[in-house]
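Listing of entry.pdb, PDB, C-alpha atoms and all ligand atoms
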ATOM      1  CA  MET A   1      93.605 124.012 110.253
ATOM      2  CA  SER A   2      96.862 125.867 110.066
ATOM      3  CA  THR A   3      99.345 125.677 107.259
ATOM      4  CA  VAL A   4     102.686 124.275 108.257
ATOM      5  CA  VAL A   5     105.588 126.636 107.860
ATOM      6  CA  GLU A   6     108.327 125.009 105.877
ATOM      7  CA  THR A   7     111.427 124.383 107.894
ATOM      8  CA  GLY A   8     114.707 122.631 107.481
ATOM      9  CA  GLU A   9     114.342 122.276 103.745
ATOM     10  CA  GLN A  10     117.544 122.534 101.743
ATOM     11  CA  PRO A  11     117.196 124.728  98.656
ATOM     12  CA  GLY A  12     118.141 121.860  96.359
ATOM     13  CA  GLU A  13     115.495 119.644  97.947
ATOM     14  CA  ARG A  14     112.601 121.574  96.551
ATOM     15  CA  PRO A  15     111.012 119.513  93.803
ATOM     16  CA  ALA A  16     111.735 121.107  90.447
ATOM     17  CA  GLN A  17     108.162 122.117  89.672
ATOM     18  CA  GLN A  18     107.015 121.619  86.146
ATOM     19  CA  PRO A  19     103.726 123.467  86.051
ATOM     20  CA  GLY A  20     100.891 121.272  84.943
ATOM     21  CA  THR A  21     102.725 118.008  85.457
ATOM     22  CA  ARG A  22     103.170 118.002  89.197
ATOM     23  CA  PRO A  23     100.451 118.988  91.639
ATOM     24  CA  GLU A  24     101.284 121.616  94.242
ATOM     25  CA  ARG A  25     101.056 119.818  97.584
ATOM     26  CA  ARG A  26      99.783 121.700 100.606
ATOM     27  CA  ALA A  27     100.460 120.826 104.210
ATOM     28  CA  THR A  28      97.689 121.099 106.767
ATOM     29  CA  GLY A  29      98.304 121.021 110.529
ATOM     30  CA  ARG A  30      98.285 117.752 112.404
ATOM     31  CA  SER A  31      97.533 116.786 115.973
ATOM     32  CA  VAL A  32      98.997 113.481 117.101
ATOM     33  CA  LEU A  33      99.319 111.241 120.142
ATOM     34  CA  MET A  34     102.628 109.486 120.840
ATOM     35  CA  CYS A  35     104.119 107.286 123.563
ATOM     36  CA  ARG A  36     107.763 107.419 124.591
ATOM     37  CA  PRO A  37     109.345 103.923 124.267
ATOM     38  CA  GLU A  38     110.646 103.927 127.839
ATOM     39  CA  HIS A  39     109.795 100.268 128.316
ATOM     40  CA  PHE A  40     110.443  99.155 124.753
ATOM     41  CA  THR A  41     111.793  95.657 124.252
ATOM     42  CA  VAL A  42     110.798  92.536 122.323
ATOM     43  CA  ALA A  43     109.581  90.149 125.012
ATOM     44  CA  TYR A  44     107.113  88.089 122.932
ATOM     45  CA  ARG A  45     106.417  87.334 119.305
ATOM     46  CA  ILE A  46     103.063  88.388 117.838
ATOM     47  CA  ASN A  47     104.274  89.273 114.339
ATOM     48  CA  PRO A  48     107.063  87.894 112.102
ATOM     49  CA  TRP A  49     109.304  90.909 112.734
ATOM     50  CA  MET A  50     109.605  90.136 116.439
ATOM     51  CA  ASN A  51     112.265  87.795 117.774
ATOM     52  CA  PRO A  52     112.574  87.787 121.573
ATOM     53  CA  ALA A  53     115.987  86.093 121.239
ATOM     54  CA  MET A  54     117.386  89.194 119.508
ATOM     55  CA  PRO A  55     118.665  91.849 121.902
ATOM     56  CA  THR A  56     117.015  95.281 121.836
ATOM     57  CA  ASN A  57     118.469  98.592 122.925
ATOM     58  CA  THR A  58     115.937 100.731 124.766
ATOM     59  CA  SER A  59     118.091 103.875 124.825
ATOM     60  CA  LEU A  60     118.620 103.637 121.066
ATOM     61  CA  ALA A  61     114.862 103.177 120.618
ATOM     62  CA  LEU A  62     114.309 106.302 122.735
ATOM     63  CA  ALA A  63     116.868 108.314 120.757
ATOM     64  CA  GLN A  64     115.371 107.280 117.403
ATOM     65  CA  TRP A  65     111.828 107.967 118.619
ATOM     66  CA  GLN A  66     112.969 111.414 119.801
ATOM     67  CA  VAL A  67     114.069 112.239 116.248
ATOM     68  CA  LEU A  68     110.549 111.421 115.049
ATOM     69  CA  TYR A  69     109.087 113.601 117.817
ATOM     70  CA  ASP A  70     111.434 116.474 116.945
ATOM     71  CA  THR A  71     110.568 116.121 113.264
ATOM     72  CA  TYR A  72     106.851 116.466 114.009
ATOM     73  CA  GLU A  73     107.571 119.410 116.263
ATOM     74  CA  ARG A  74     109.572 121.117 113.506
ATOM     75  CA  LEU A  75     106.671 120.560 111.120
ATOM     76  CA  GLY A  76     104.461 122.429 113.561
ATOM     77  CA  TYR A  77     102.313 119.459 114.636
ATOM     78  CA  GLU A  78     100.536 119.503 117.963
ATOM     79  CA  ILE A  79     101.915 116.528 119.901
ATOM     80  CA  GLU A  80     100.278 114.917 122.929
ATOM     81  CA  LEU A  81     101.922 112.216 125.021
ATOM     82  CA  ILE A  82     100.473 109.251 126.875
ATOM     83  CA  ASP A  83     102.492 107.877 129.801
ATOM     84  CA  PRO A  84     104.197 104.586 129.007
ATOM     85  CA  ILE A  85     103.301 101.710 131.343
ATOM     86  CA  THR A  86     105.806  99.160 132.677
ATOM     87  CA  GLY A  87     105.261  95.727 131.188
ATOM     88  CA  LEU A  88     103.610  97.068 128.010
ATOM     89  CA  PRO A  89     106.594  97.245 125.620
ATOM     90  CA  ASP A  90     104.397  97.726 122.517
ATOM     91  CA  MET A  91     102.660 100.812 123.889
ATOM     92  CA  VAL A  92     105.030 102.955 121.805
ATOM     93  CA  TYR A  93     102.943 101.926 118.762
ATOM     94  CA  ALA A  94     100.285 104.511 119.587
ATOM     95  CA  ALA A  95      98.455 104.026 116.287
ATOM     96  CA  ASN A  96      96.930 100.888 117.764
ATOM     97  CA  GLY A  97      95.489 102.742 120.747
ATOM     98  CA  GLY A  98      92.249 103.700 119.013
ATOM     99  CA  PHE A  99      90.706 105.523 116.073
ATOM    100  CA  VAL A 100      89.673 109.149 116.374
ATOM    101  CA  ILE A 101      87.448 111.244 114.100
ATOM    102  CA  ASP A 102      85.355 114.326 114.987
ATOM    103  CA  GLY A 103      86.303 114.113 118.647
ATOM    104  CA  ILE A 104      84.976 110.555 118.883
ATOM    105  CA  ALA A 105      87.513 107.956 120.031
ATOM    106  CA  TYR A 106      86.677 104.356 119.157
ATOM    107  CA  GLY A 107      88.700 102.300 121.637
ATOM    108  CA  ALA A 108      90.944  99.392 120.724
ATOM    109  CA  SER A 109      90.412  95.789 121.769
ATOM    110  CA  PHE A 110      93.640  93.943 121.080
ATOM    111  CA  THR A 111      93.939  90.531 119.436
ATOM    112  CA  HIS A 112      96.785  89.255 121.610
ATOM    113  CA  PRO A 113      96.597  89.067 125.414
ATOM    114  CA  GLU A 114     100.056  90.680 125.670
ATOM    115  CA  ARG A 115      98.658  93.975 124.398
ATOM    116  CA  GLN A 116      95.125  93.844 125.808
ATOM    117  CA  PRO A 117      95.794  96.143 128.812
ATOM    118  CA  GLU A 118      96.718  98.918 126.352
ATOM    119  CA  GLY A 119      93.066  99.256 125.278
ATOM    120  CA  PRO A 120      91.753 100.650 128.609
ATOM    121  CA  ALA A 121      94.938 102.709 129.135
ATOM    122  CA  TYR A 122      94.412 104.562 125.858
ATOM    123  CA  MET A 123      90.667 104.926 126.492
ATOM    124  CA  GLN A 124      91.420 106.530 129.828
ATOM    125  CA  TRP A 125      93.748 108.980 128.101
ATOM    126  CA  PHE A 126      91.082 109.825 125.497
ATOM    127  CA  ALA A 127      88.466 110.408 128.211
ATOM    128  CA  GLU A 128      90.779 112.649 130.238
ATOM    129  CA  ALA A 129      91.652 114.602 127.090
ATOM    130  CA  GLY A 130      87.944 115.279 126.530
ATOM    131  CA  PHE A 131      87.197 112.843 123.718
ATOM    132  CA  ASP A 132      83.862 111.069 123.418
ATOM    133  CA  VAL A 133      85.049 107.501 124.054
ATOM    134  CA  ARG A 134      83.227 104.539 122.522
ATOM    135  CA  GLU A 135      84.105 101.233 124.136
ATOM    136  CA  PRO A 136      84.704  98.569 121.511
ATOM    137  CA  VAL A 137      82.713  95.351 121.396
ATOM    138  CA  GLU A 138      84.731  93.823 118.574
ATOM    139  CA  VAL A 139      88.445  93.065 118.329
ATOM    140  CA  ASN A 140      90.217  95.948 116.605
ATOM    141  CA  GLU A 141      93.644  97.573 116.659
ATOM    142  CA  GLY A 142      92.707 101.171 115.962
ATOM    143  CA  GLU A 143      94.500 103.255 113.400
ATOM    144  CA  GLY A 144      96.841 100.355 112.721
ATOM    145  CA  ASP A 145      93.975  98.889 110.674
ATOM    146  CA  PHE A 146      91.721 101.904 110.026
ATOM    147  CA  LEU A 147      92.722 104.774 107.771
ATOM    148  CA  LEU A 148      90.632 107.817 106.928
ATOM    149  CA  VAL A 149      90.915 108.800 103.256
ATOM    150  CA  GLY A 150      88.554 111.559 102.237
ATOM    151  CA  ASP A 151      85.189 110.639 103.763
ATOM    152  CA  THR A 152      85.925 106.932 103.554
ATOM    153  CA  ILE A 153      87.438 104.663 106.185
ATOM    154  CA  LEU A 154      89.697 101.993 104.717
ATOM    155  CA  ALA A 155      89.547  99.091 107.158
ATOM    156  CA  GLY A 156      91.971  96.191 107.250
ATOM    157  CA  THR A 157      91.297  92.660 108.421
ATOM    158  CA  GLY A 158      92.931  89.260 108.098
ATOM    159  CA  PHE A 159      95.402  89.272 110.973
ATOM    160  CA  ARG A 160      94.268  91.613 113.735
ATOM    161  CA  SER A 161      91.057  93.644 113.510
ATOM    162  CA  HIS A 162      87.971  91.452 113.113
ATOM    163  CA  SER A 163      85.737  92.276 110.149
ATOM    164  CA  ARG A 164      82.859  92.762 112.610
ATOM    165  CA  SER A 165      84.714  95.817 113.911
ATOM    166  CA  HIS A 166      84.158  97.338 110.471
ATOM    167  CA  ASP A 167      80.390  97.267 111.115
ATOM    168  CA  GLU A 168      81.035  98.860 114.477
ATOM    169  CA  LEU A 169      83.000 101.605 112.686
ATOM    170  CA  THR A 170      80.093 102.235 110.313
ATOM    171  CA  LYS A 171      77.678 102.598 113.214
ATOM    172  CA  ILE A 172      79.931 104.886 115.248
ATOM    173  CA  PHE A 173      81.207 107.204 112.532
ATOM    174  CA  GLY A 174      78.401 107.008 109.948
ATOM    175  CA  ARG A 175      80.877 106.979 107.095
ATOM    176  CA  GLU A 176      81.559 104.619 104.261
ATOM    177  CA  VAL A 177      83.791 101.763 105.417
ATOM    178  CA  VAL A 178      85.727  99.761 102.827
ATOM    179  CA  THR A 179      87.018  96.375 103.960
ATOM    180  CA  LEU A 180      90.465  95.335 102.730
ATOM    181  CA  ARG A 181      91.838  91.859 103.389
ATOM    182  CA  LEU A 182      95.521  91.503 104.238
ATOM    183  CA  VAL A 183      97.189  88.224 103.270
ATOM    184  CA  ASN A 184     100.914  88.567 104.061
ATOM    185  CA  PRO A 185     101.754  88.110 107.772
ATOM    186  CA  SER A 186     104.649  90.580 107.469
ATOM    187  CA  PHE A 187     102.090  93.272 106.622
ATOM    188  CA  TYR A 188      99.646  92.397 109.358
ATOM    189  CA  HIS A 189      98.245  95.895 109.934
ATOM    190  CA  LEU A 190      96.727  98.031 107.184
ATOM    191  CA  ASP A 191      99.160 100.866 107.945
ATOM    192  CA  THR A 192     102.083  98.634 106.950
ATOM    193  CA  ALA A 193     100.636  98.192 103.440
ATOM    194  CA  VAL A 194      98.879 101.520 102.739
ATOM    195  CA  ALA A 195     100.152 105.058 103.246
ATOM    196  CA  VAL A 196      97.627 107.883 103.154
ATOM    197  CA  LEU A 197      99.398 110.745 101.403
ATOM    198  CA  ASP A 198      96.479 113.115 100.987
ATOM    199  CA  ALA A 199      93.269 112.540 102.935
ATOM    200  CA  THR A 200      91.561 115.736 101.737
ATOM    201  CA  PRO A 201      88.145 114.930 100.262
ATOM    202  CA  GLY A 202      88.302 115.360  96.482
ATOM    203  CA  GLN A 203      92.057 114.940  96.241
ATOM    204  CA  GLU A 204      92.540 111.565  97.937
ATOM    205  CA  HIS A 205      95.944 110.054  97.254
ATOM    206  CA  ILE A 206      97.502 106.902  98.676
ATOM    207  CA  ALA A 207     100.447 104.541  98.200
ATOM    208  CA  TYR A 208     100.171 100.789  98.672
ATOM    209  CA  LEU A 209     101.716  97.367  98.233
ATOM    210  CA  PRO A 210      99.416  95.223  96.046
ATOM    211  CA  SER A 211     100.896  91.874  97.129
ATOM    212  CA  ALA A 212      99.833  92.512 100.727
ATOM    213  CA  PHE A 213      96.148  92.144  99.750
ATOM    214  CA  ASP A 214      93.839  89.495  98.367
ATOM    215  CA  GLU A 215      92.696  89.848  94.758
ATOM    216  CA  ALA A 216      89.356  91.475  95.494
ATOM    217  CA  SER A 217      90.993  94.121  97.678
ATOM    218  CA  VAL A 218      93.645  94.931  95.067
ATOM    219  CA  ALA A 219      90.909  95.321  92.439
ATOM    220  CA  LEU A 220      89.084  97.676  94.775
ATOM    221  CA  LEU A 221      92.182  99.766  95.466
ATOM    222  CA  ARG A 222      92.991  99.959  91.758
ATOM    223  CA  GLU A 223      89.531 101.130  90.896
ATOM    224  CA  ARG A 224      89.252 103.696  93.684
ATOM    225  CA  TYR A 225      92.780 105.071  93.512
ATOM    226  CA  PRO A 226      93.955 104.810  89.887
ATOM    227  CA  ASP A 227      96.707 107.379  90.468
ATOM    228  CA  ALA A 228      98.090 105.724  93.615
ATOM    229  CA  ILE A 229     101.814 105.197  94.099
ATOM    230  CA  ILE A 230     102.668 101.495  93.921
ATOM    231  CA  ALA A 231     105.401 100.745  96.438
ATOM    232  CA  THR A 232     108.219  98.308  95.757
ATOM    233  CA  GLU A 233     108.602  95.121  97.793
ATOM    234  CA  THR A 234     112.006  96.396  98.942
ATOM    235  CA  ASP A 235     110.587  99.618 100.364
ATOM    236  CA  ALA A 236     107.649  97.820 101.959
ATOM    237  CA  ALA A 237     110.117  95.398 103.593
ATOM    238  CA  VAL A 238     111.592  98.269 105.637
ATOM    239  CA  LEU A 239     108.034  99.413 106.471
ATOM    240  CA  GLY A 240     108.395 102.312 104.043
ATOM    241  CA  LEU A 241     104.620 102.515 103.694
ATOM    242  CA  ASN A 242     104.291 102.990 107.425
ATOM    243  CA  ALA A 243     104.518 106.723 106.830
ATOM    244  CA  PHE A 244     102.841 109.863 108.118
ATOM    245  CA  SER A 245     101.818 112.638 105.728
ATOM    246  CA  ASP A 246     100.383 116.105 106.272
ATOM    247  CA  GLY A 247      99.512 116.463 102.609
ATOM    248  CA  ARG A 248     102.951 117.728 101.653
ATOM    249  CA  ASN A 249     105.588 116.539 104.117
ATOM    250  CA  VAL A 250     105.750 112.766 104.322
ATOM    251  CA  VAL A 251     107.761 111.295 107.179
ATOM    252  CA  ILE A 252     109.070 107.906 106.080
ATOM    253  CA  ALA A 253     111.697 105.275 106.879
ATOM    254  CA  SER A 254     114.983 106.704 105.617
ATOM    255  CA  ARG A 255     115.830 103.355 104.041
ATOM    256  CA  ALA A 256     112.812 103.493 101.710
ATOM    257  CA  ALA A 257     114.847 105.103  98.914
ATOM    258  CA  ASP A 258     112.623 104.352  95.955
ATOM    259  CA  PHE A 259     109.488 105.448  97.807
ATOM    260  CA  SER A 260     111.251 108.720  98.597
ATOM    261  CA  ARG A 261     111.963 109.223  94.895
ATOM    262  CA  GLN A 262     108.359 108.396  93.972
ATOM    263  CA  LEU A 263     107.079 110.870  96.555
ATOM    264  CA  ARG A 264     109.254 113.642  95.129
ATOM    265  CA  GLU A 265     108.000 112.854  91.644
ATOM    266  CA  HIS A 266     104.474 113.349  92.936
ATOM    267  CA  GLY A 267     105.317 116.716  94.463
ATOM    268  CA  TYR A 268     105.706 115.642  98.098
ATOM    269  CA  HIS A 269     108.523 116.464 100.461
ATOM    270  CA  PRO A 270     109.732 113.185 101.970
ATOM    271  CA  ILE A 271     111.574 113.338 105.298
ATOM    272  CA  GLY A 272     113.488 110.188 106.221
ATOM    273  CA  VAL A 273     113.895 109.015 109.815
ATOM    274  CA  ASP A 274     115.646 105.891 111.072
ATOM    275  CA  LEU A 275     113.532 103.816 113.470
ATOM    276  CA  SER A 276     115.532 100.586 113.020
ATOM    277  CA  GLU A 277     115.214  99.675 116.692
ATOM    278  CA  LEU A 278     111.427  99.967 116.686
ATOM    279  CA  LEU A 279     111.355  97.922 113.481
ATOM    280  CA  LEU A 280     112.447  94.982 115.668
ATOM    281  CA  GLY A 281     108.968  95.162 117.176
ATOM    282  CA  GLY A 282     107.387  95.307 113.722
ATOM    283  CA  GLY A 283     106.563  98.998 113.693
ATOM    284  CA  GLY A 284     107.657 102.208 112.006
ATOM    285  CA  VAL A 285     106.771 105.895 111.715
ATOM    286  CA  LYS A 286     103.010 105.533 111.391
ATOM    287  CA  CYS A 287     102.763 102.898 114.114
ATOM    288  CA  CYS A 288     104.226 105.418 116.551
ATOM    289  CA  THR A 289     101.628 108.017 115.563
ATOM    290  CA  LEU A 290      97.911 108.249 116.338
ATOM    291  CA  GLU A 291      96.119 111.105 114.655
ATOM    292  CA  LEU A 292      93.766 113.105 116.866
ATOM    293  CA  ARG A 293      90.990 114.563 114.740
ATOM    294  CA  ARG A 294      88.955 116.807 116.998
TER     295      ARG A 294
HETATM  296  N1  LIG B   1     104.634  94.729 118.081
HETATM  297  C1  LIG B   1     103.437  95.418 117.689
HETATM  298  C2  LIG B   1     102.365  94.407 117.336
HETATM  299  O1  LIG B   1     102.660  93.420 116.728
HETATM  300  C3  LIG B   1     103.705  96.341 116.549
HETATM  301  C4  LIG B   1     102.534  97.202 116.190
HETATM  302  C5  LIG B   1     102.745  98.023 114.968
HETATM  303  N2  LIG B   1     101.724  98.981 114.810
HETATM  304  C6  LIG B   1     101.133  99.331 113.665
HETATM  305  N3  LIG B   1     100.292 100.305 113.676
HETATM  306  N4  LIG B   1     101.367  98.695 112.554
HETATM  307  O2  LIG B   1     101.214  94.571 117.651
END

Here is a file; write its structure as structure tokens.
Amino acid sequence: MSTVVETGEQPGERPAQQPGTRPERRATGRSVLMCRPEHFTVAYRINPWMNPAMPTNTSLALAQWQVLYDTYERLGYEIELIDPITGLPDMVYAANGGFVIDGIAYGASFTHPERQPEGPAYMQWFAEAGFDVREPVEVNEGEGDFLLVGDTILAGTGFRSHSRSHDELTKIFGREVVTLRLVNPSFYHLDTAVAVLDATPGQEHIAYLPSAFDEASVALLRERYPDAIIATETDAAVLGLNAFSDGRNVVIASRAADFSRQLREHGYHPIGVDLSELLLGGGGVKCCTLELRR
């Protein structure tokens, strides 16, 4: 893994390091899959954010998405693109296309018929890119609900991915899988309620919104991640937790002001982007990003 060269950082932006109080955060290279929102619109409603009666602006969505792409490029990430397909407006949310660790791509099997054709489309991409594709038996929405933290897979259920897919995960990846139950329909995917800030084994660090989970799951998160950042309801409501981190740089919704402050306090370098148009579909930064771990 290569270390990301710092770019575009204003001198004043560097966190005032107080040795001993703030950990030195290190970026490691990232490889991601994205999908240009060429056909983006809100044509159906499968989450509370979506309102087909509200007009959407596809060129604005494209322009905002491009800023995210350019940001990743500037951070030195390797970016792959999957071709968008007409009639699949949610394909831009690449995180749902599967879950990839060690070159193995566990395919998605979508909950709602509107998105079901995306499953095979992403699996075809994985196969052509040389990944070892595992066809899913159980309903699951990929990295939208599955997050790798250290050697553990945090797996969401409650709205989309079926809990049986968590057993499938265990079998395929042979890692510990921790089930977390989501209870607020506005935070219907795990990546809307948890942000993985550092996935490095031994220095795992996350941020989350406690109210998005049932009691048992909150207790579990508290116990496992005592030093986690607790997000505010306000920041979560702009999908602030739907963020992508390389261990140092954390790309977040620019409107998540308090989260940005918290990240700085913890030694990270937050980078705000505005994806307001894609928020109309119920997705943000992380939703548009599928990590490819080869
Ligand atoms: N409209 C999409 C859906 O409801 C948004 C998906 C957001 N993706 C995510 N990883 N949270 O399925």

| query | atom CA of Leu280 of chain A and atom CA of Asn242 of chain A are how many Å apart? | reply |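 Computing it gives 14.1 Å between the two atoms.
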
| Closest of A:Leu62, A:Ala43, A:Val67, A:Leu33 to ligand LIG 1 (chain B) - atom-to-atom distances counting all atoms listed in the file |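 Smallest distance to ligand LIG 1 (chain B) is found for A:Ala43.
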
| message | Just checking: using all atoms listed in the file, which residue out of A:Cys287, A:Val139, A:Met34, A:Leu263 ends up closest to Ile230 of chain A? | response |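 Among A:Cys287, A:Val139, A:Met34, A:Leu263, it is A:Leu263 that comes nearest to Ile230 of chain A.
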
Selection within 6 Å of ligand LIG 1 (chain B) by all atoms listed in the file, output as a PDB file with C-alpha atoms, keeping the file's coordinate frame:
ATOM      1  CA  ILE A  46     103.063  88.388 117.838  1.00  0.00           C
ATOM      2  CA  ASN A  47     104.274  89.273 114.339  1.00  0.00           C
ATOM      3  CA  ASP A  90     104.397  97.726 122.517  1.00  0.00           C
ATOM      4  CA  TYR A  93     102.943 101.926 118.762  1.00  0.00           C
ATOM      5  CA  ALA A  95      98.455 104.026 116.287  1.00  0.00           C
ATOM      6  CA  ASN A  96      96.930 100.888 117.764  1.00  0.00           C
ATOM      7  CA  GLY A 144      96.841 100.355 112.721  1.00  0.00           C
ATOM      8  CA  HIS A 189      98.245  95.895 109.934  1.00  0.00           C
ATOM      9  CA  ASP A 191      99.160 100.866 107.945  1.00  0.00           C
ATOM     10  CA  THR A 192     102.083  98.634 106.950  1.00  0.00           C
ATOM     11  CA  GLY A 281     108.968  95.162 117.176  1.00  0.00           C
ATOM     12  CA  GLY A 282     107.387  95.307 113.722  1.00  0.00           C
ATOM     13  CA  GLY A 283     106.563  98.998 113.693  1.00  0.00           C
ATOM     14  CA  CYS A 287     102.763 102.898 114.114  1.00  0.00           C
TER      15      CYS A 287
END

| Residue IDs satisfying the PyMOL selection byres (((chain A and resi 165) around 10) and not hetatm), as a list in words | Ala108, Ser109, Pro136, Val137, Glu138, Val139, Asn140, Glu141, Gly142, Ala155, Gly156, Thr157, Ser161, His162, Ser163, Arg164, His166, Asp167, Glu168, Leu169, Thr170 and Lys171 of chain A

Expected file contents, prior selection, C-alpha atoms, as a tab-separated table (two decimals), in the coordinates of the input:
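Dumped to result.tsv:
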chain	number	residue	atom	x	y	z
A	108	ALA	CA	90.94	99.39	120.72
A	109	SER	CA	90.41	95.79	121.77
A	136	PRO	CA	84.70	98.57	121.51
A	137	VAL	CA	82.71	95.35	121.40
A	138	GLU	CA	84.73	93.82	118.57
A	139	VAL	CA	88.44	93.06	118.33
A	140	ASN	CA	90.22	95.95	116.60
A	141	GLU	CA	93.64	97.57	116.66
A	142	GLY	CA	92.71	101.17	115.96
A	155	ALA	CA	89.55	99.09	107.16
A	156	GLY	CA	91.97	96.19	107.25
A	157	THR	CA	91.30	92.66	108.42
A	161	SER	CA	91.06	93.64	113.51
A	162	HIS	CA	87.97	91.45	113.11
A	163	SER	CA	85.74	92.28	110.15
A	164	ARG	CA	82.86	92.76	112.61
A	166	HIS	CA	84.16	97.34	110.47
A	167	ASP	CA	80.39	97.27	111.12
A	168	GLU	CA	81.04	98.86	114.48
A	169	LEU	CA	83.00	101.60	112.69
A	170	THR	CA	80.09	102.24	110.31
A	171	LYS	CA	77.68	102.60	113.21

Let me know the residues the PyMOL selection byres (((chain A and resi 37-39) around 9) and not hetatm) catches in the file above, as a compact mmCIF listing (two decimals) with C-alpha atoms, in the coordinates of the input.
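Okay, part.txt is ready:
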# COMPACT_ATOMS: atom_id res chain seq x y z
CA CYS A 35 104.12 107.29 123.56
CA ARG A 36 107.76 107.42 124.59
CA PHE A 40 110.44 99.16 124.75
CA THR A 41 111.79 95.66 124.25
CA THR A 58 115.94 100.73 124.77
CA SER A 59 118.09 103.88 124.82
CA ALA A 61 114.86 103.18 120.62
CA LEU A 62 114.31 106.30 122.74
CA TRP A 65 111.83 107.97 118.62
CA PRO A 84 104.20 104.59 129.01
CA ILE A 85 103.30 101.71 131.34
CA THR A 86 105.81 99.16 132.68
CA GLY A 87 105.26 95.73 131.19
CA LEU A 88 103.61 97.07 128.01
CA PRO A 89 106.59 97.24 125.62
CA ASP A 90 104.40 97.73 122.52
CA MET A 91 102.66 100.81 123.89
CA VAL A 92 105.03 102.96 121.80
CA TYR A 93 102.94 101.93 118.76
CA LEU A 278 111.43 99.97 116.69

Padding 8 Å on every side, please: axis-aligned box over the listed atoms of segment 262-268 of chain A, centre and edge lengths to one decimal in Å, as lines of an AutoDock Vina configuration file.
center_x = 106.9
center_y = 112.6
center_z = 94.9
size_x = 20.8
size_y = 24.3
size_z = 22.5

| Quick one: which residues end up in the PyMOL selection byres (((chain A and resi 224) around 12) and not hetatm) for this structure, as a VMD selection string? | chain A and resid 149 to 150 152 154 178 203 to 206 217 to 223 225 to 228

Take the residues just selected and output them with C-alpha atoms as a compact mmCIF listing (two decimals), in the coordinates of the input.
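Saved to part-v4.txt:
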# COMPACT_ATOMS: atom_id res chain seq x y z
CA VAL A 149 90.92 108.80 103.26
CA GLY A 150 88.55 111.56 102.24
CA THR A 152 85.92 106.93 103.55
CA LEU A 154 89.70 101.99 104.72
CA VAL A 178 85.73 99.76 102.83
CA GLN A 203 92.06 114.94 96.24
CA GLU A 204 92.54 111.56 97.94
CA HIS A 205 95.94 110.05 97.25
CA ILE A 206 97.50 106.90 98.68
CA SER A 217 90.99 94.12 97.68
CA VAL A 218 93.64 94.93 95.07
CA ALA A 219 90.91 95.32 92.44
CA LEU A 220 89.08 97.68 94.78
CA LEU A 221 92.18 99.77 95.47
CA ARG A 222 92.99 99.96 91.76
CA GLU A 223 89.53 101.13 90.90
CA TYR A 225 92.78 105.07 93.51
CA PRO A 226 93.96 104.81 89.89
CA ASP A 227 96.71 107.38 90.47
CA ALA A 228 98.09 105.72 93.62

| Between atom CA of Asp198 of chain A and atom CA of Ile82 of chain A, distance in Å (one decimal) |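 Separation between atom CA of Asp198 of chain A and atom CA of Ile82 of chain A: 26.5 Å.
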
Reconstructed segment 73-81 of chain A, atom set N, CA, C and O atoms, as a compact mmCIF listing (two decimals), in the frame of the given file:
# COMPACT_ATOMS: atom_id res chain seq x y z
N GLU A 73 107.59 118.10 115.62
CA GLU A 73 107.57 119.41 116.26
C GLU A 73 108.00 120.49 115.26
O GLU A 73 107.40 121.55 115.16
N ARG A 74 109.07 120.18 114.51
CA ARG A 74 109.57 121.12 113.51
C ARG A 74 108.53 121.40 112.43
O ARG A 74 108.46 122.48 111.87
N LEU A 75 107.71 120.39 112.14
CA LEU A 75 106.67 120.56 111.12
C LEU A 75 105.47 121.31 111.68
O LEU A 75 104.50 121.56 110.97
N GLY A 76 105.53 121.63 112.96
CA GLY A 76 104.46 122.43 113.56
C GLY A 76 103.29 121.61 114.08
O GLY A 76 102.23 122.17 114.39
N TYR A 77 103.43 120.28 114.17
CA TYR A 77 102.31 119.46 114.64
C TYR A 77 102.11 119.69 116.13
O TYR A 77 103.04 119.98 116.88
N GLU A 78 100.86 119.48 116.54
CA GLU A 78 100.54 119.50 117.96
C GLU A 78 100.73 118.07 118.47
O GLU A 78 100.11 117.13 117.94
N ILE A 79 101.60 117.89 119.45
CA ILE A 79 101.92 116.53 119.90
C ILE A 79 101.47 116.33 121.35
O ILE A 79 101.82 117.10 122.23
N GLU A 80 100.69 115.28 121.57
CA GLU A 80 100.28 114.92 122.93
C GLU A 80 101.00 113.61 123.29
O GLU A 80 101.31 112.81 122.41
N LEU A 81 101.23 113.42 124.59
CA LEU A 81 101.92 112.22 125.02
C LEU A 81 101.08 111.44 126.02
O LEU A 81 100.45 112.02 126.89
